[in-house]
>>> print(open('protein_12.cif').read())   # mmCIF, C-alpha atoms
data_target
loop_
_atom_site.label_atom_id
_atom_site.label_comp_id
_atom_site.auth_asym_id
_atom_site.auth_seq_id
_atom_site.Cartn_x
_atom_site.Cartn_y
_atom_site.Cartn_z
CA MET A 1 0.00 0.00 0.00
CA ASN A 2 2.92 2.42 0.74
CA ARG A 3 4.26 1.73 -2.74
CA CYS A 4 0.82 2.68 -4.17
CA LYS A 5 0.91 5.99 -2.26
CA LYS A 6 4.38 6.83 -3.58
CA THR A 7 3.33 6.06 -7.14
CA VAL A 8 0.26 8.31 -6.95
CA VAL A 9 2.28 11.19 -5.44
CA SER A 10 4.98 10.91 -8.13
CA VAL A 11 2.49 10.93 -10.99
CA LEU A 12 0.61 13.97 -9.67
CA LEU A 13 3.77 15.96 -8.95
CA THR A 14 5.08 15.25 -12.45
CA ALA A 15 1.76 16.37 -13.95
CA ALA A 16 1.83 19.60 -11.89
CA LEU A 17 5.37 20.44 -12.99
CA SER A 18 4.49 19.73 -16.63
CA VAL A 19 1.55 22.16 -16.43
CA GLY A 20 3.78 24.85 -14.91
CA MET A 21 6.46 24.45 -17.61
CA SER A 22 4.00 24.48 -20.49
CA THR A 23 2.29 27.68 -19.33
CA GLY A 24 5.11 29.84 -20.56
CA VAL A 25 5.26 28.06 -23.89
CA GLN A 26 1.58 28.66 -24.84
CA ALA A 27 1.08 31.44 -27.38
CA GLU A 28 -2.45 32.21 -26.21
CA THR A 29 -3.00 35.86 -25.27
CA ILE A 30 -5.17 37.32 -22.50
CA GLU A 31 -7.56 38.77 -25.10
CA GLU A 32 -8.01 35.39 -26.81
CA ALA A 33 -8.61 33.68 -23.48
CA GLN A 34 -11.15 36.37 -22.50
CA ASN A 35 -13.04 35.92 -25.81
CA GLN A 36 -13.26 32.16 -25.22
CA VAL A 37 -14.50 32.75 -21.68
CA ASP A 38 -17.24 35.07 -23.04
CA GLN A 39 -18.27 32.53 -25.69
CA LEU A 40 -18.44 29.71 -23.14
CA GLN A 41 -20.50 31.91 -20.81
CA GLN A 42 -22.95 32.67 -23.63
CA GLN A 43 -23.25 28.97 -24.44
CA LYS A 44 -23.84 28.19 -20.77
CA ASP A 45 -26.53 30.90 -20.49
CA SER A 46 -28.22 29.53 -23.61
CA ALA A 47 -28.11 25.98 -22.20
CA GLN A 48 -29.53 27.22 -18.89
CA ALA A 49 -32.39 28.92 -20.75
CA GLN A 50 -33.10 25.65 -22.56
CA LYS A 51 -33.03 23.81 -19.26
CA ASP A 52 -35.54 26.30 -17.80
CA SER A 53 -37.78 25.64 -20.83
CA PHE A 54 -37.42 21.90 -20.28
CA GLU A 55 -38.31 22.32 -16.59
CA ALA A 56 -41.56 24.02 -17.63
CA GLN A 57 -42.25 21.08 -19.94
CA LEU A 58 -41.36 18.68 -17.13
CA GLN A 59 -43.95 20.37 -14.90
CA GLU A 60 -46.58 19.68 -17.53
CA ILE A 61 -45.41 16.08 -17.84
CA ALA A 62 -45.47 15.76 -14.04
CA ALA A 63 -49.08 16.97 -14.01
CA ASP A 64 -49.93 14.39 -16.70
CA MET A 65 -48.17 11.71 -14.66
CA GLU A 66 -50.16 12.67 -11.56
CA GLU A 67 -53.40 12.50 -13.53
CA THR A 68 -52.39 9.14 -15.01
CA GLN A 69 -51.53 7.85 -11.53
CA ALA A 70 -54.95 8.92 -10.28
CA LYS A 71 -56.55 7.02 -13.16
CA LEU A 72 -54.32 4.06 -12.38
CA ASN A 73 -55.42 4.01 -8.74
CA ALA A 74 -59.07 4.31 -9.74
CA LYS A 75 -58.70 1.46 -12.21
CA GLN A 76 -57.06 -0.68 -9.53
CA GLU A 77 -60.04 -0.10 -7.25
CA GLU A 78 -62.39 -1.16 -10.07
CA ILE A 79 -60.38 -4.32 -10.65
CA THR A 80 -60.40 -5.19 -6.95
CA GLN A 81 -64.18 -4.72 -6.82
CA ALA A 82 -64.64 -6.85 -9.94
CA GLU A 83 -62.54 -9.60 -8.39
CA GLU A 84 -64.67 -9.55 -5.24
CA GLU A 85 -67.84 -9.84 -7.32
CA LEU A 86 -66.29 -12.63 -9.37
CA VAL A 87 -65.51 -14.63 -6.25
CA GLN A 88 -69.07 -14.23 -4.98
CA ALA A 89 -70.50 -15.27 -8.36
CA LYS A 90 -68.41 -18.44 -8.32
CA ILE A 91 -69.55 -19.15 -4.76
CA ASP A 92 -73.21 -18.83 -5.84
CA GLU A 93 -72.53 -20.99 -8.88
CA ASN A 94 -70.87 -23.72 -6.82
CA THR A 95 -73.60 -23.71 -4.15
CA GLN A 96 -76.40 -23.85 -6.74
CA TYR A 97 -74.63 -26.59 -8.65
CA GLN A 98 -74.30 -28.78 -5.56
CA SER A 99 -78.01 -28.27 -4.74
CA MET A 100 -79.12 -29.29 -8.24
CA LYS A 101 -76.93 -32.40 -8.18
CA MET A 102 -78.63 -33.55 -4.98
CA ARG A 103 -82.10 -32.94 -6.47
CA ILE A 104 -81.28 -34.78 -9.70
CA LYS A 105 -79.79 -37.69 -7.73
CA PHE A 106 -82.95 -37.94 -5.62
CA MET A 107 -85.27 -37.99 -8.64
CA TYR A 108 -83.08 -40.56 -10.41
CA GLU A 109 -82.95 -42.93 -7.45
CA ASN A 110 -86.70 -42.73 -6.70
CA GLY A 111 -88.05 -42.45 -10.25
CA ASN A 112 -91.27 -40.77 -11.44
CA THR A 113 -93.43 -43.71 -10.19
CA GLN A 114 -93.41 -42.13 -6.76
CA PHE A 115 -95.54 -39.26 -8.10
CA ILE A 116 -98.09 -41.79 -9.50
CA GLU A 117 -98.23 -43.51 -6.14
CA VAL A 118 -98.89 -40.19 -4.45
CA LEU A 119 -101.84 -39.48 -6.81
CA ALA A 120 -103.21 -43.00 -6.46
CA SER A 121 -103.34 -42.64 -2.69
CA SER A 122 -105.78 -39.73 -2.92
CA LYS A 123 -108.87 -40.16 -0.77
CA ASN A 124 -111.19 -38.15 -3.02
CA ILE A 125 -111.19 -35.93 -6.11
CA GLY A 126 -110.34 -32.85 -4.02
CA ASP A 127 -107.32 -34.57 -2.48
CA PHE A 128 -106.30 -35.79 -5.95
CA LEU A 129 -106.38 -32.26 -7.42
CA ASN A 130 -104.41 -30.83 -4.48
CA LYS A 131 -101.63 -33.41 -4.90
CA ALA A 132 -101.51 -32.91 -8.67
CA GLU A 133 -101.09 -29.15 -8.12
CA TYR A 134 -98.24 -29.81 -5.63
CA ILE A 135 -96.40 -32.01 -8.17
CA SER A 136 -96.84 -29.33 -10.84
CA GLN A 137 -95.42 -26.66 -8.55
CA LEU A 138 -92.45 -28.87 -7.67
CA SER A 139 -91.64 -29.38 -11.38
CA GLU A 140 -91.97 -25.64 -12.02
CA TYR A 141 -89.61 -24.99 -9.10
CA ASP A 142 -87.04 -27.34 -10.66
CA ARG A 143 -87.30 -25.50 -13.97
CA ASN A 144 -86.87 -22.15 -12.24
CA GLU A 145 -83.82 -23.47 -10.40
CA LEU A 146 -82.32 -24.51 -13.71
CA ILE A 147 -82.97 -21.05 -15.20
CA GLU A 148 -81.36 -19.38 -12.17
CA TYR A 149 -78.34 -21.65 -12.53
CA GLN A 150 -77.98 -20.70 -16.18
CA LYS A 151 -78.22 -17.00 -15.27
CA THR A 152 -75.49 -17.45 -12.66
CA VAL A 153 -73.20 -19.11 -15.19
CA LYS A 154 -73.78 -16.23 -17.62
CA GLN A 155 -73.03 -13.69 -14.88
CA VAL A 156 -69.76 -15.45 -14.07
CA GLU A 157 -68.75 -15.42 -17.73
CA GLU A 158 -69.58 -11.71 -18.05
CA LYS A 159 -67.58 -10.93 -14.91
CA GLU A 160 -64.55 -12.82 -16.25
CA LYS A 161 -64.76 -10.97 -19.57
CA ALA A 162 -65.10 -7.57 -17.87
CA LEU A 163 -62.17 -8.37 -15.56
CA GLU A 164 -59.97 -9.20 -18.54
CA GLN A 165 -60.86 -5.85 -20.12
CA GLU A 166 -59.96 -4.07 -16.87
CA TYR A 167 -56.54 -5.76 -16.88
CA GLN A 168 -55.89 -4.62 -20.45
CA GLU A 169 -56.81 -1.01 -19.64
CA LEU A 170 -54.60 -1.07 -16.55
CA ASN A 171 -51.63 -2.36 -18.55
CA GLY A 172 -52.16 0.41 -21.09
CA LEU A 173 -52.09 3.06 -18.36
CA GLN A 174 -48.92 1.55 -16.91
CA ASP A 175 -47.17 1.62 -20.28
CA ASP A 176 -48.13 5.26 -20.78
CA LEU A 177 -46.78 6.15 -17.33
CA ILE A 178 -43.48 4.38 -17.98
CA SER A 179 -43.12 6.19 -21.31
CA GLN A 180 -43.58 9.56 -19.62
CA GLN A 181 -41.08 8.70 -16.90
CA ASN A 182 -38.47 7.76 -19.50
CA LYS A 183 -39.03 11.07 -21.31
CA VAL A 184 -38.50 13.02 -18.09
CA GLN A 185 -35.33 11.13 -17.26
CA GLU A 186 -33.85 11.62 -20.73
CA LEU A 187 -34.53 15.38 -20.71
CA LEU A 188 -32.93 15.83 -17.31
CA LYS A 189 -29.97 13.64 -18.13
CA ASP A 190 -29.09 15.26 -21.47
CA LYS A 191 -29.36 18.86 -20.28
CA ASP A 192 -27.51 18.25 -17.01
CA VAL A 193 -24.67 16.59 -18.89
CA GLU A 194 -24.44 19.53 -21.29
CA LEU A 195 -24.41 22.08 -18.46
CA ALA A 196 -21.79 20.09 -16.56
CA GLN A 197 -19.53 20.01 -19.62
CA LEU A 198 -19.91 23.76 -20.24
CA SER A 199 -19.26 24.54 -16.57
CA SER A 200 -16.15 22.40 -16.64
CA GLN A 201 -14.85 24.05 -19.83
CA LEU A 202 -15.64 27.53 -18.52
CA GLY A 203 -13.88 26.85 -15.24
CA ALA A 204 -10.81 25.53 -17.02
CA LYS A 205 -10.67 28.52 -19.37
CA MET A 206 -11.06 30.99 -16.51
CA GLN A 207 -8.15 29.31 -14.76
CA THR A 208 -6.06 29.71 -17.90
CA LEU A 209 -7.04 33.39 -18.10
CA GLN A 210 -6.04 33.91 -14.50
CA LYS A 211 -2.67 32.29 -15.12
CA LEU A 212 -2.03 34.55 -18.11
CA VAL A 213 -2.98 37.69 -16.16
CA GLU A 214 -0.67 36.71 -13.29
CA GLU A 215 2.26 35.73 -15.51
CA GLU A 216 4.66 37.83 -13.43
CA LYS A 217 3.81 35.76 -10.38
CA ARG A 218 5.04 32.53 -11.95
CA ARG A 219 7.13 31.57 -8.99
CA GLN A 220 4.18 31.88 -6.61
CA GLU A 221 1.99 29.96 -9.03
CA GLU A 222 4.54 27.13 -9.29
CA ALA A 223 4.68 26.92 -5.50
CA ALA A 224 0.87 26.88 -5.37
CA ALA A 225 0.77 24.21 -8.07
CA ALA A 226 3.23 22.06 -6.12
CA ALA A 227 1.16 22.46 -2.97
CA ALA A 228 -2.00 21.60 -4.90
CA ALA A 229 -0.30 18.50 -6.33
CA ALA A 230 0.80 17.39 -2.87
CA GLU A 231 -2.74 17.88 -1.54
CA ALA A 232 -4.18 15.91 -4.45
CA ALA A 233 -1.67 13.15 -3.76
CA ARG A 234 -2.62 13.14 -0.10
CA GLN A 235 -6.31 12.97 -0.94
CA ALA A 236 -5.69 10.18 -3.44
CA ALA A 237 -3.67 8.24 -0.89
CA GLU A 238 -6.36 8.83 1.75
CA LYS A 239 -9.04 7.69 -0.68
CA ALA A 240 -7.04 4.56 -1.50
CA ALA A 241 -6.69 3.82 2.22
CA GLN A 242 -10.43 4.32 2.75
CA GLU A 243 -11.25 2.00 -0.16
CA ALA A 244 -8.90 -0.66 1.22
CA ALA A 245 -10.46 -0.33 4.68
CA ALA A 246 -13.95 -0.58 3.17
CA GLN A 247 -12.98 -3.73 1.24
CA GLN A 248 -11.53 -5.29 4.40
CA SER A 249 -14.69 -4.42 6.38
CA ALA A 250 -16.91 -5.90 3.65
CA ALA A 251 -14.85 -9.09 3.66
CA GLN A 252 -15.22 -9.39 7.44
CA GLN A 253 -18.99 -8.87 7.21
CA ASN A 254 -19.28 -11.53 4.50
CA SER A 255 -17.29 -13.92 6.65
CA GLN A 256 -19.55 -13.25 9.65
CA SER A 257 -22.65 -13.74 7.47
CA VAL A 258 -21.41 -17.16 6.36
CA GLU A 259 -20.62 -18.20 9.95
CA THR A 260 -24.00 -17.12 11.34
CA GLY A 261 -26.27 -18.33 8.47
CA SER A 262 -29.83 -19.28 9.42
CA SER A 263 -32.11 -22.14 8.31
CA VAL A 264 -35.80 -22.14 7.35
CA SER A 265 -38.27 -23.27 10.01
CA THR A 266 -39.86 -26.72 9.55
CA SER A 267 -43.16 -26.36 11.44
CA PRO A 268 -45.80 -29.10 11.05
CA VAL A 269 -48.39 -28.79 8.29
CA VAL A 270 -51.40 -29.07 10.61
CA SER A 271 -51.25 -27.13 13.88
CA GLY A 272 -53.69 -26.29 16.65
CA ASN A 273 -57.08 -27.78 17.53
CA GLY A 274 -59.30 -25.19 15.80
CA TYR A 275 -61.40 -25.53 12.68
CA PHE A 276 -58.53 -23.99 10.70
CA THR A 277 -54.91 -25.05 10.62
CA HIS A 278 -52.37 -22.22 10.34
CA PRO A 279 -51.92 -21.37 6.62
CA CYS A 280 -48.21 -20.45 7.07
CA PRO A 281 -46.71 -22.19 10.11
CA GLY A 282 -43.21 -21.42 8.83
CA MET A 283 -43.74 -17.65 9.17
CA THR A 284 -41.09 -15.41 10.76
CA TYR A 285 -43.62 -13.11 12.43
CA GLN A 286 -47.11 -11.65 11.94
CA SER A 287 -46.59 -8.28 10.25
CA SER A 288 -50.23 -7.07 10.12
CA TYR A 289 -53.52 -7.89 11.86
CA PHE A 290 -57.19 -7.94 10.87
CA GLY A 291 -58.82 -4.53 11.25
CA GLU A 292 -55.49 -2.70 11.51
CA ILE A 293 -55.77 0.90 10.26
CA ARG A 294 -53.14 1.77 7.66
CA GLU A 295 -52.82 5.08 5.76
CA PHE A 296 -52.90 3.42 2.32
CA GLU A 297 -55.91 1.16 3.08
CA VAL A 298 -59.56 2.20 3.48
CA GLY A 299 -61.75 0.57 6.13
CA GLY A 300 -59.04 -1.37 7.97
CA HIS A 301 -56.93 -4.39 7.01
CA LYS A 302 -59.13 -7.30 5.81
CA GLY A 303 -56.90 -10.14 6.97
CA ASN A 304 -53.68 -11.23 8.68
CA ASP A 305 -50.21 -10.84 7.10
CA TYR A 306 -47.59 -13.48 7.91
CA ALA A 307 -44.05 -12.38 7.00
CA ALA A 308 -41.84 -15.28 5.83
CA PRO A 309 -38.90 -15.93 3.48
CA ILE A 310 -39.71 -16.48 -0.18
CA GLY A 311 -40.41 -20.18 -0.78
CA THR A 312 -41.97 -20.87 2.66
CA PRO A 313 -44.87 -23.37 2.14
CA THR A 314 -48.50 -22.23 2.48
CA TYR A 315 -51.40 -24.58 3.30
CA ALA A 316 -55.18 -24.75 2.96
CA ALA A 317 -56.68 -23.72 6.30
CA ALA A 318 -59.55 -26.21 5.83
CA ALA A 319 -60.94 -28.59 3.21
CA GLY A 320 -62.81 -27.08 0.28
CA ARG A 321 -63.10 -26.39 -3.43
CA VAL A 322 -60.57 -24.07 -5.16
CA LEU A 323 -62.49 -21.28 -6.90
CA ILE A 324 -59.53 -19.20 -8.16
CA ALA A 325 -55.85 -20.05 -8.63
CA GLY A 326 -54.15 -17.44 -10.78
CA TYR A 327 -52.71 -13.92 -10.98
CA SER A 328 -54.18 -10.58 -9.93
CA SER A 329 -52.45 -7.19 -10.24
CA SER A 330 -53.37 -6.41 -6.62
CA ALA A 331 -53.29 -9.84 -4.92
CA GLY A 332 -50.47 -11.24 -7.08
CA ASN A 333 -50.53 -15.03 -7.37
CA TRP A 334 -53.55 -15.90 -5.22
CA VAL A 335 -55.82 -18.80 -4.27
CA VAL A 336 -59.50 -18.62 -3.21
CA ILE A 337 -61.12 -21.66 -1.54
CA ASP A 338 -64.87 -22.21 -0.90
CA HIS A 339 -65.48 -24.22 2.30
CA GLY A 340 -69.28 -24.20 1.99
CA ASN A 341 -71.98 -22.41 4.00
CA GLY A 342 -70.69 -19.02 2.81
CA LEU A 343 -67.18 -19.53 4.32
CA VAL A 344 -64.33 -18.55 1.97
CA THR A 345 -60.56 -18.14 2.49
CA LYS A 346 -58.13 -16.14 0.34
CA TYR A 347 -54.32 -16.55 0.11
CA MET A 348 -52.39 -13.73 -1.65
CA HIS A 349 -48.93 -12.71 -2.97
CA HIS A 350 -47.60 -16.25 -3.67
CA ASN A 351 -44.32 -16.89 -5.43
CA SER A 352 -45.67 -20.21 -6.78
CA ILE A 353 -49.11 -21.91 -6.75
CA TYR A 354 -49.52 -25.72 -6.57
CA VAL A 355 -53.32 -26.04 -7.04
CA SER A 356 -55.78 -25.18 -9.82
CA ALA A 357 -59.36 -23.89 -10.04
CA GLY A 358 -61.98 -26.61 -9.50
CA GLN A 359 -59.62 -28.81 -7.48
CA TYR A 360 -60.75 -30.15 -4.09
CA VAL A 361 -58.09 -29.69 -1.35
CA GLU A 362 -57.79 -31.21 2.11
CA LYS A 363 -57.07 -29.35 5.34
CA GLY A 364 -53.33 -28.72 5.61
CA GLN A 365 -52.63 -29.51 1.94
CA GLN A 366 -49.88 -27.32 0.49
CA ILE A 367 -51.25 -24.83 -2.02
CA GLY A 368 -48.18 -22.67 -2.78
CA GLU A 369 -45.07 -20.83 -1.60
CA VAL A 370 -44.69 -17.41 0.03
CA GLY A 371 -43.74 -14.61 -2.39
CA SER A 372 -44.07 -10.84 -2.90
CA THR A 373 -46.18 -10.60 -6.08
CA GLY A 374 -48.89 -8.00 -6.77
CA GLN A 375 -49.18 -5.02 -4.43
CA SER A 376 -46.72 -6.18 -1.79
CA THR A 377 -43.91 -4.44 0.12
CA GLY A 378 -42.08 -7.65 1.03
CA PRO A 379 -42.37 -11.45 1.18
CA HIS A 380 -45.48 -12.45 3.15
CA LEU A 381 -48.80 -14.34 2.99
CA HIS A 382 -51.99 -12.27 3.21
CA PHE A 383 -54.64 -14.61 4.70
CA GLN A 384 -58.25 -13.40 4.49
CA VAL A 385 -61.46 -15.05 5.75
CA GLU A 386 -64.94 -14.08 4.54
CA VAL A 387 -68.43 -15.17 5.58
CA ASN A 388 -71.12 -14.45 2.97
CA GLY A 389 -68.81 -11.93 1.28
CA VAL A 390 -67.88 -10.02 4.49
CA ALA A 391 -64.29 -10.13 5.81
CA VAL A 392 -64.00 -11.43 9.40
CA SER A 393 -61.10 -12.01 11.80
CA PRO A 394 -59.24 -15.25 10.97
CA ASP A 395 -58.16 -15.68 14.62
CA GLN A 396 -61.60 -16.96 15.70
CA TYR A 397 -61.14 -20.12 13.58
CA PHE A 398 -57.74 -21.23 14.94
#
>>> encode(input="protein_12.cif", output="structure tokens")
Amino acid sequence: MNRCKKTVVSVLLTAALSVGMSTGVQAETIEEAQNQVDQLQQQKDSAQAQKDSFEAQLQEIAADMEETQAKLNAKQEEITQAEEELVQAKIDENTQYQSMKMRIKFMYENGNTQFIEVLASSKNIGDFLNKAEYISQLSEYDRNELIEYQKTVKQVEEKEKALEQEYQELNGLQDDLISQQNKVQELLKDKDVELAQLSSQLGAKMQTLQKLVEEEKRRQEEAAAAAAAAEAARQAAEKAAQEAAAQQSAAQQNSQSVETGSSVSTSPVVSGNGYFTHPCPGMTYQSSYFGEIREFEVGGHKGNDYAAPIGTPTYAAAAGRVLIAGYSSSAGNWVVIDHGNGLVTKYMHHNSIYVSAGQYVEKGQQIGEVGSTGQSTGPHLHFQVEVNGVAVSPDQYF
């Protein structure tokens, strides 16, 4: 390291002496140097005026960006609402479908002869007519149920189509915002570089002018140049020492990190005696709670957040049918499970998903891995419980 210091000092001193010797050789006059200073100053003033014009344009772009961001936030709210309605539509569809299967099974196993037996057991013509009317109403009810089922299916399809359109509009707004950001960055970068270059050239030319004006003080200038070179050498040596110390400190920290490395928790898949098992037993800590008031969330937090390293397994809290297993711009990779009787659980921000829509899962079955997809500030599992479409505290089911 001492050899490096000596080398830097020698190079800088030699450069300083060379500058001092060449000053007397230059044929440039004070008048020529002054003219170049004036020209550089004019160029700098012109560049500054252009920068001021660009700043006015940037204010307009910033206003457009703010408006676009407002539209983006509004569109995100619409998408979130559409997703909620889609989940409820699928719940209604699944419930209605299960009810119809039971009715069809009953009619198949018992056959239409049962209705004939009911009519034959009539005591009189009045009783006969009453029973015939009851059978007619029951058949009409079955037809109405079928029509309602078909309407529900159509509603689900319309919701899915509308949701896809919302995603496309959101992506278009994001692309427009990125384009505007790039334009702002390019304008700032180009003009700042130009001004920096002009300032550097102007400073150098003014130094040359000063040297020419103070030609008679050459000896003092040479002494000042030598002192400046020594200071530069000292600063360079100090900087080299600081860089070496920083490298040594970084190496020590890396070594300590290797020695104190941690391992991922291996908690059991099913835990506790409640109706639900914990959906992320390998969590590091619970980062948010149901009902928690946060400045960026309206109406309180709708679930629990379990912070965990990326890749930590997540599990179905209870047995049920998977309604959704896919990607959402807000929830990221998420899973929605219908447990019947209006009870639904949602698992958000996965890195990977191991189940698919329509699949039946058991309690404690792994459904994915913790990630940070969608609107997420770090790796965690957002676990949400809803009863008849209303979010409730998950803690009551553990």
>>> resolve_selection(input="protein_12.cif", expression="the PyMOL selection byres ((chain A and resi 156-172) around 8)", output="PyMOL selection string")
chain A and resi 72+75-76+78-79+82-83+85-86+89-90+152-155+173-176+329
>>> atom_distance(input="protein_12.cif", atom1="CA of Glu148 (chain A)", atom2="CA of Glu93 (chain A)")
9.6 Å
>>> atom_distance(input="protein_12.cif", atom1="CA of Ala230 (chain A)", atom2="CA of Glu28 (chain A)")
27.8 Å
>>> residues_around(input="protein_12.cif", residues="region 284-289 of chain A", least_positions_apart="6", cutoff="6 Å", atoms="all atoms listed in the file", output="list in words")
Asn304, Asp305, Tyr306, Ala307 and Ala308 of chain A
>>> residues_near_point(input="protein_12.cif", point="(-66.4, -22.1, -7.8)", cutoff="12 Å", atoms="all atoms listed in the file", output="mmCIF file with C-alpha atoms, in the coordinates of the input")
data_model
loop_
_atom_site.group_PDB
_atom_site.id
_atom_site.type_symbol
_atom_site.label_atom_id
_atom_site.label_comp_id
_atom_site.auth_asym_id
_atom_site.auth_seq_id
_atom_site.Cartn_x
_atom_site.Cartn_y
_atom_site.Cartn_z
ATOM 1 C CA LEU A 86 -66.290 -12.630 -9.370
ATOM 2 C CA VAL A 87 -65.510 -14.630 -6.250
ATOM 3 C CA GLN A 88 -69.070 -14.230 -4.980
ATOM 4 C CA ALA A 89 -70.500 -15.270 -8.360
ATOM 5 C CA LYS A 90 -68.410 -18.440 -8.320
ATOM 6 C CA ILE A 91 -69.550 -19.150 -4.760
ATOM 7 C CA ASP A 92 -73.210 -18.830 -5.840
ATOM 8 C CA GLU A 93 -72.530 -20.990 -8.880
ATOM 9 C CA ASN A 94 -70.870 -23.720 -6.820
ATOM 10 C CA THR A 95 -73.600 -23.710 -4.150
ATOM 11 C CA GLN A 96 -76.400 -23.850 -6.740
ATOM 12 C CA TYR A 97 -74.630 -26.590 -8.650
ATOM 13 C CA GLN A 98 -74.300 -28.780 -5.560
ATOM 14 C CA THR A 152 -75.490 -17.450 -12.660
ATOM 15 C CA VAL A 153 -73.200 -19.110 -15.190
ATOM 16 C CA VAL A 156 -69.760 -15.450 -14.070
ATOM 17 C CA GLY A 320 -62.810 -27.080 0.280
ATOM 18 C CA ARG A 321 -63.100 -26.390 -3.430
ATOM 19 C CA VAL A 322 -60.570 -24.070 -5.160
ATOM 20 C CA LEU A 323 -62.490 -21.280 -6.900
ATOM 21 C CA ILE A 324 -59.530 -19.200 -8.160
ATOM 22 C CA ALA A 325 -55.850 -20.050 -8.630
ATOM 23 C CA VAL A 335 -55.820 -18.800 -4.270
ATOM 24 C CA VAL A 336 -59.500 -18.620 -3.210
ATOM 25 C CA ILE A 337 -61.120 -21.660 -1.540
ATOM 26 C CA ASP A 338 -64.870 -22.210 -0.900
ATOM 27 C CA HIS A 339 -65.480 -24.220 2.300
ATOM 28 C CA GLY A 340 -69.280 -24.200 1.990
ATOM 29 C CA GLY A 342 -70.690 -19.020 2.810
ATOM 30 C CA VAL A 344 -64.330 -18.550 1.970
ATOM 31 C CA SER A 356 -55.780 -25.180 -9.820
ATOM 32 C CA ALA A 357 -59.360 -23.890 -10.040
ATOM 33 C CA GLY A 358 -61.980 -26.610 -9.500
ATOM 34 C CA GLN A 359 -59.620 -28.810 -7.480
ATOM 35 C CA TYR A 360 -60.750 -30.150 -4.090
#
>>> atom_distance(input="protein_12.cif", atom1="CA of Ser271 (chain A)", atom2="CA of Gly300 (chain A)")
27.6 Å
>>> closest_residue(input="protein_12.cif", among="A:Gly389, A:Lys363, A:Glu55, A:Gly303", to="Met348 (chain A)", atoms="all atoms listed in the file")
A:Gly303
>>> resolve_selection(input="protein_12.cif", expression="the PyMOL selection byres ((chain A and resi 276) around 9)", output="list in words")
Val270, Ser271, Gly272, Asn273, Gly274, Tyr275, Thr277, His278, Pro279, Ala316, Ala317, Ala318, Lys363, Gly364, Pro394, Tyr397 and Phe398 of chain A
>>> closest_residue(input="protein_12.cif", among="A:Ile30, A:Ile353, A:Ala233, A:Val370", to="Pro309 (chain A)", atoms="only C-alpha atoms")
A:Val370
>>> residues_around(input="protein_12.cif", residues="Pro379 (chain A)", least_positions_apart="6", cutoff="6 Å", atoms="all atoms listed in the file", output="PyMOL selection string")
chain A and resi 310+371-372
>>> closest_residue(input="protein_12.cif", among="A:Glu362, A:Gln180, A:Asp395, A:Leu188", to="Asp52 (chain A)", atoms="all atoms listed in the file")
A:Leu188
>>> closest_residue(input="protein_12.cif", among="A:Arg294, A:Leu202, A:Leu343, A:His350", to="Val385 (chain A)", atoms="all atoms listed in the file")
A:Leu343
